[in-house]
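The next block holds one structure in the form of structure tokens; read it before the comments.
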Amino acid sequence: MNKPLPIVAIVGQPNAGKSSLLNKIAKRPMAITSDVAGTTRDRQYIDTSWNGVDFTLVDTAGLSLNPGDELELNLLKQINVALDEADAIILVVDGKQPARAIDQNILKKFRRIKKPIVLAVNKLDGSSQWNEKTAEFQSLGIKNLFPVSALNGRGIGDMLDCVASVVPVGEGLKPSPTEDNNSIISRGLPSEPEGNPRAPIAVSIVGKPNVGKSSIFNKILKEERVVVSPIAGTTRTAIDSDITIDGQEYTFIDTAGLKKKEHRQEQPDVFAGFQSFKSIRRSDICFFVIDASEEITKQDQRVANEIINMQKGCIILANKCDLLQSSLSPMQRGGRVREGVRSNDIGRPNDDQYQTTRDYISHHFPFLWMCPLFFVSGLTGENLEEAINAIKPIFERRHKTIGPDQLNEFLQNVLKKNPPKLLRDQKKPKVFSLKQIATNLPLFELLVNHSGAISQQFRKFLENSITKYLDFYGTPITLKLRGKDKK
């Protein structure tokens with residue numbers, strides 16, 4: 001097994017351009033950037049290589065030593081964790097501001113740190129002020145000083161030469177023979193598992209803001225990786241973490257809360273939404289998180305629809321179940337009980353309160369009837385282990401293949417019980433065969449005499465029957481019709 005890569009933390013005051021610098025090094029938008037100070041809130045990791053030296057870059061929130069509220073205090077804790085685990089530090093400052101504008105307490109803090117520090121004087125997009133600004137910032141007393149531009153990349157190569165020379169060299173990434181040692185190699189995203197069953201299973205934790213996604217993420221990792229706050233919208237960046245559980249590798253992705261679309265939205269919130277959708281798209285399975293102590297909203301339903309529309313496996317996590325134990329949930333209202341998730345997937349199926357809440361959830365998410373539901377607590381960790389154990393079986397169902405003999409027997413049984421009905425002004429429907437033509441997403445093709453002769457009701461009935469009797473619980477499937485009259 002390779003040793004952990006040395007860690008290089010990118011730190012600095014708000015809006016100094018730390019995330020822009022990370023993105024330039026990564027050569028892709030890994031972190032959200034905007035002119036709004038404080039856009040970055042969580043630690044973001046990405047593995048890179050420069051001059052044959054491998055290391056992990058960590059992007060952090062804007063540094064303020066005088067937190068004004070609980071959120072800023074939590075951000076400071078995140079930054080201190082990054083500094084503690086770092087082998088070297090890139091201190092980013094805004095070169096458009098005078099050197100005297102830098103918080104002197106921050107400088108004192110870094111002078112006390114007994115680790116290599118590289119000062120990146122950012123936002124020097126033109127060459128006219130380079131010499132002047134270099135001389136000005138040398139007064140700060142940091143030896144390794146480099147004027148850079150995260151916008152056009154100027155000076156970043158020299159800065160990385162210095163970083164590569166001060167980090168401890170050990171076992172790490174293995175560059176391929178075709179890669180240039182002076183190129184920046186980004187390895188932050190999980191590989192696609194399709195066709196490679198040994199690849200990590202990618203699991204996105206999604207939901208509307210403030211349902212407890214980051215608390216669940218931190219509980220799974222057993223560390224405070226992302227900022228947790230009662231303020232809605234605290235998470236803005238999709239954060240990846242790899243973890244091995246019982247020999248199975250997983251990539252868990254904490255995402256920003258998907259907000260209701262508004263006419264005027266802050267730029268960071270728009271970008272955060274884009275990243276959340278990208279995270280769902282590259283996932284195998286989603287942990288869909290709702291707040292069990294609150295009523296289900298239209299935004300909850302929109303998020304669930306996005307998961308199904310992107311055809312991802314889904315596990316419902318009714319979070320904050322610890323709040324249900326002390327008072328009746330607002331979910332416990334009337335409403336017709338629809339066919340819901342299976343009782344053996346429920347955290348406490350014998351508890352009347354949980355059963356009522358389950359029925360309430362089933363009523364509002366009828367299209368998730370095939371998805372397992374767990375009542376969990378991001379605070380205490382209740383039932384999270386059971387939810388994690390449900391991931392691998394769903395992943396395996398998405399990749400499994402049903403043989404022709406089994407499909408033929410299944411189809412004959414279905415047609416005996418419920419054959420397709422004759423539609424007005426259509427040919428008499430005839431069904432010839434059913435075969436599976438793809439996995440991950442499971443795709444089936446039904447051969448019929450004429451596709452227009454098959455009703456939507458029969459098509460939906462057959463899809464549901466495939467899920468139930470061929471065991472594709474937890475994942476959507478697709479049924480494609482092919483008429484014999486079409487070549």
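Chains: A, B, ... in order of the structure tokens. Residues: from 1 per chain. Ligands: from 1, in order shown.
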
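Using only C-alpha atoms, the residues found no farther than 10 Å from region 159-163 of chain A, other than those of its own chain fewer than 6 positions away, are Val8, Ile25, Ser49, Trp50, Asn51, Val53, Phe55, Ala88, Ile89, Ile90, Pro116, Ile117, Val118, Leu119, Ala120, Asn144, Leu145, Phe146, Pro147, Val148, Asn182 and Ile184 of chain A.
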
Include C-alpha atoms and write out the residues we just selected as a PDB file, in the first residue's frame.
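Contents of selection-v1.pdb, as written:
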ATOM      1  CA  VAL A   8       0.159  21.220   1.258  1.00  0.00           C
ATOM      2  CA  ILE A  25      -3.245  24.003 -10.542  1.00  0.00           C
ATOM      3  CA  SER A  49       2.187  16.003  -9.024  1.00  0.00           C
ATOM      4  CA  TRP A  50       4.901  18.496  -9.961  1.00  0.00           C
ATOM      5  CA  ASN A  51       8.438  17.742 -11.132  1.00  0.00           C
ATOM      6  CA  VAL A  53       6.936  14.995  -6.610  1.00  0.00           C
ATOM      7  CA  PHE A  55       1.462  15.778  -2.858  1.00  0.00           C
ATOM      8  CA  ALA A  88       3.922  22.651   3.948  1.00  0.00           C
ATOM      9  CA  ILE A  89       1.759  25.760   3.597  1.00  0.00           C
ATOM     10  CA  ILE A  90       0.970  28.124   0.720  1.00  0.00           C
ATOM     11  CA  PRO A 116       7.806  25.376   5.289  1.00  0.00           C
ATOM     12  CA  ILE A 117       5.732  28.380   4.170  1.00  0.00           C
ATOM     13  CA  VAL A 118       5.468  29.669   0.607  1.00  0.00           C
ATOM     14  CA  LEU A 119       3.998  33.162   0.177  1.00  0.00           C
ATOM     15  CA  ALA A 120       1.927  33.532  -3.008  1.00  0.00           C
ATOM     16  CA  ASN A 144       9.849  31.870  -0.157  1.00  0.00           C
ATOM     17  CA  LEU A 145       7.885  34.642  -1.912  1.00  0.00           C
ATOM     18  CA  PHE A 146       6.379  34.351  -5.394  1.00  0.00           C
ATOM     19  CA  PRO A 147       4.227  36.835  -7.353  1.00  0.00           C
ATOM     20  CA  VAL A 148       1.531  34.819  -9.131  1.00  0.00           C
ATOM     21  CA  ASN A 182       6.251  19.098 -15.367  1.00  0.00           C
ATOM     22  CA  ILE A 184      -0.029  19.038 -13.254  1.00  0.00           C
TER      23      ILE A 184
END

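Reported to one decimal place, the separation of CA of Ser214 (chain A) from CA of Gly313 (chain A) is 20.0 Å.
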
Point to revise | Residue nearest Val93 (chain A) among A:Val121, A:Ala387, A:Val81, A:Leu76 (counting only C-alpha atoms) | key: A:Val121

Check your understanding: So which residues touch region 469-480 of chain A within 7 Å, counting only C-alpha atoms, skipping near sequence neighbours fewer than 5 positions away, as a PyMOL selection string?
Key -> chain A and resi 308+311-315+370-372+394+397-398+441-446+463

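Pairwise distance (CA of Lys133 (chain A), CA of Asp59 (chain A)) equals 24.4 Å.
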
Review point. Between A:Gln97, A:Thr244, A:Thr356, A:Ser362, which one has atoms that come closest to Gln301 (chain A), using only C-alpha atoms?
Key: A:Ser362

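Near Tyr250 (chain A), within 6 Å and counting only C-alpha atoms, sit Pro200, Ile201, Ala202, Asp242 and Ile243 of chain A, not including residues fewer than 5 positions from it in the same chain.
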
Nearby residues (only C-alpha atoms) at most 12 Å from Lys222 (chain A), same-chain spacing under 6 positions excluded, as a PDB file with N, CA and C atoms, in the first residue's frame:
ATOM      1  N   SER A 214     -24.141  17.287   6.019  1.00  0.00           N
ATOM      2  CA  SER A 214     -22.743  17.348   6.462  1.00  0.00           C
ATOM      3  C   SER A 214     -22.541  16.615   7.784  1.00  0.00           C
ATOM      4  N   SER A 215     -23.539  16.638   8.653  1.00  0.00           N
ATOM      5  CA  SER A 215     -23.446  15.886   9.915  1.00  0.00           C
ATOM      6  C   SER A 215     -23.333  14.388   9.624  1.00  0.00           C
ATOM      7  N   ILE A 216     -24.134  13.909   8.679  1.00  0.00           N
ATOM      8  CA  ILE A 216     -24.075  12.496   8.288  1.00  0.00           C
ATOM      9  C   ILE A 216     -22.717  12.183   7.668  1.00  0.00           C
ATOM     10  N   SER A 241     -14.513  12.147  -0.175  1.00  0.00           N
ATOM     11  CA  SER A 241     -13.650  11.430   0.763  1.00  0.00           C
ATOM     12  C   SER A 241     -13.731   9.945   0.472  1.00  0.00           C
ATOM     13  N   ILE A 243     -13.098   6.070   1.635  1.00  0.00           N
ATOM     14  CA  ILE A 243     -13.083   5.308   2.878  1.00  0.00           C
ATOM     15  C   ILE A 243     -13.311   3.835   2.534  1.00  0.00           C
ATOM     16  N   GLY A 378     -27.646  12.015  12.273  1.00  0.00           N
ATOM     17  CA  GLY A 378     -26.286  12.472  12.026  1.00  0.00           C
ATOM     18  C   GLY A 378     -25.590  12.882  13.301  1.00  0.00           C
ATOM     19  N   LEU A 379     -26.371  13.134  14.353  1.00  0.00           N
ATOM     20  CA  LEU A 379     -25.797  13.527  15.644  1.00  0.00           C
ATOM     21  C   LEU A 379     -25.266  12.323  16.406  1.00  0.00           C
ATOM     22  N   THR A 380     -26.073  11.254  16.486  1.00  0.00           N
ATOM     23  CA  THR A 380     -25.687  10.075  17.277  1.00  0.00           C
ATOM     24  C   THR A 380     -25.148   8.926  16.419  1.00  0.00           C
ATOM     25  N   GLY A 381     -25.406   8.971  15.106  1.00  0.00           N
ATOM     26  CA  GLY A 381     -24.973   7.890  14.227  1.00  0.00           C
ATOM     27  C   GLY A 381     -25.955   6.737  14.151  1.00  0.00           C
ATOM     28  N   LEU A 384     -26.892   4.532  10.833  1.00  0.00           N
ATOM     29  CA  LEU A 384     -26.049   4.857   9.680  1.00  0.00           C
ATOM     30  C   LEU A 384     -25.307   3.627   9.167  1.00  0.00           C
TER      31      LEU A 384
END

Review point. If you run DSSP on this backbone, which residues of region 365-408 of chain A come out as helix (DSSP H, G or I), and could you give them as a count of residues only?
Key: 23
